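S.K.: Encoded as structure tokens, here's the structure I'll be asking about.
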Amino acid sequence: MDNQPYTSNPSHEGAPSNIPDTSMTREEMDYILDGIGPSRRAFSQRLANGAEFAGGWLRKHWLAVVNGFLITYIGLALLTPVAFAFGLNGPASAVFHVYRFFCDELPTHSFFIFGYQICLCQRCLAIYTSMLLAGITLAFLRKRRSVPNLTWWMWVIAMIPMALDGGTQLFGWRESNVWLRLLTGAIFGIGTAMFLLPQIEKTASDSDDIAVAR
């Protein structure tokens, strides 16, 4: 009678079939012990690969995504009155009402195109346009050098002119004008962009370096 002991090689005659092959990776052995089948393992691997690809793409192209969003957001606000002028009242009205969640859209504080109000007030238009210009500038500068971000207290300082202009008008102490709304909105927009965008750039660059080092 053969008294040879069992080995971990599943090809050994008489070896229990539920003992994993030692040539398997630790991850594969964990899957087997957890009762996860091959199809589910393959799906999990595809999901992980897809997430890794999406994360890598976003780290490289995040600024293009931000600038693209701002272009679309500003562009729709400017094209809505054009749509009204061409008789596309249904879609234009729907877009105009959606923007009301993000801007007060006061007619007295807004520009008009072809006699129809755009979807953003003058101050909001200045904020988002200046952020877009800062984002485009960063896209060129980051290829040559690292762009430092504003500190949080510098960002607060950039907010003060807008707060004073809007606050004193809100309480009825004075009336603002189009130039002040544009100027204070632009200062805040540039300050916000220079506070946030370089920090995102640094985080994305550091994450990319870590991913490459793995």
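Ligands are numbered from 1 in the order shown, chains are lettered A, B, ... in the order of the structure tokens, and residues start at 1 in each chain.
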Would you kindly return, as a PyMOL selection string, each protein, DNA or RNA residue with an atom no farther than 12 Å from any atom of Tyr73 in chain A, considering only C-alpha atoms and excluding same-chain residues fewer than 2 positions away?
M.R.: chain A and resi 66-71+75-80+95-96+98-99+102+118-120+124-125+127-129+131-132
S.K.: Could you tell me how far CA of Leu58 in chain A sits from CA of Phe188 in chain A, in Å to one decimal place?
M.R.: 26.4 Å
S.K.: Quick one: everything within 7 Å of range 106-115 of chain A, counting only C-alpha atoms, minus sequence neighbours fewer than 2 positions away in the same chain. Send it as a list in words.
M.R.: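 Residues meeting the cut-off are Pro81, Val82, Ala85, Asp104, Gln117, Ile118, Leu120, Cys121 and Gln122 of chain A.
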S.K.: Keeping only C-alpha atoms, write those residues as a compact mmCIF listing (two decimals), in the first residue's frame.
M.R.:
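Wrote again_24.txt, looks like this:
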# COMPACT_ATOMS: atom_id res chain seq x y z
CA PRO A 81 -31.25 84.52 -26.07
CA VAL A 82 -30.20 83.66 -29.65
CA ALA A 85 -34.70 85.20 -31.16
CA ASP A 104 -30.60 85.22 -9.60
CA GLN A 117 -31.77 88.29 -21.49
CA ILE A 118 -28.81 85.94 -21.18
CA LEU A 120 -26.24 84.77 -16.22
CA CYS A 121 -26.17 88.13 -14.47
CA GLN A 122 -23.23 90.42 -15.16
S.K.: From range 71-190 of chain A, collect each residue whose DSSP state is alpha helix (DSSP H) and return the set as a ChimeraX atom specification.
M.R.: /A:71-85,89-99,122-141,152-170,178-190
S.K.: Given only C-alpha atoms as the basis, pick out the residue of A:Ser93, A:Arg46, A:Leu197, A:His61 nearest to Ser146 in chain A.
M.R.: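 Among the listed residues, the smallest separation from Ser146 in chain A belongs to A:Leu197.
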S.K.: Which polymer residues have any atom within 9 Å of an atom of Leu196 in chain A, counting only C-alpha atoms, with same-chain residues fewer than 5 positions away left out, as a PyMOL selection string?
M.R.: chain A and resi 149-150+191+201
S.K.: Go ahead and compute the interatomic distance for CA of Met194 in chain A and CA of Gly167 in chain A, in Å to one decimal.
M.R.: 23.9 Å
S.K.: Quick one: distance from CA of Ile136 in chain A to CA of Ile190 in chain A in Å, one decimal?
M.R.: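 Distance reported for this atom pair: 11.7 Å.
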S.K.: May I have all residues of range 17-203 of chain A that DSSP, computed from the backbone, assigns to strand (DSSP E), given as a count of residues only?
M.R.: 10
S.K.: Return the single residue from A:Trp173, A:Phe195, A:Phe140, A:Trp179 that is closest to Met154 in chain A, with distances computed using only C-alpha atoms.
M.R.: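 Counting only C-alpha atoms, the residue closest to Met154 in chain A is A:Phe195.
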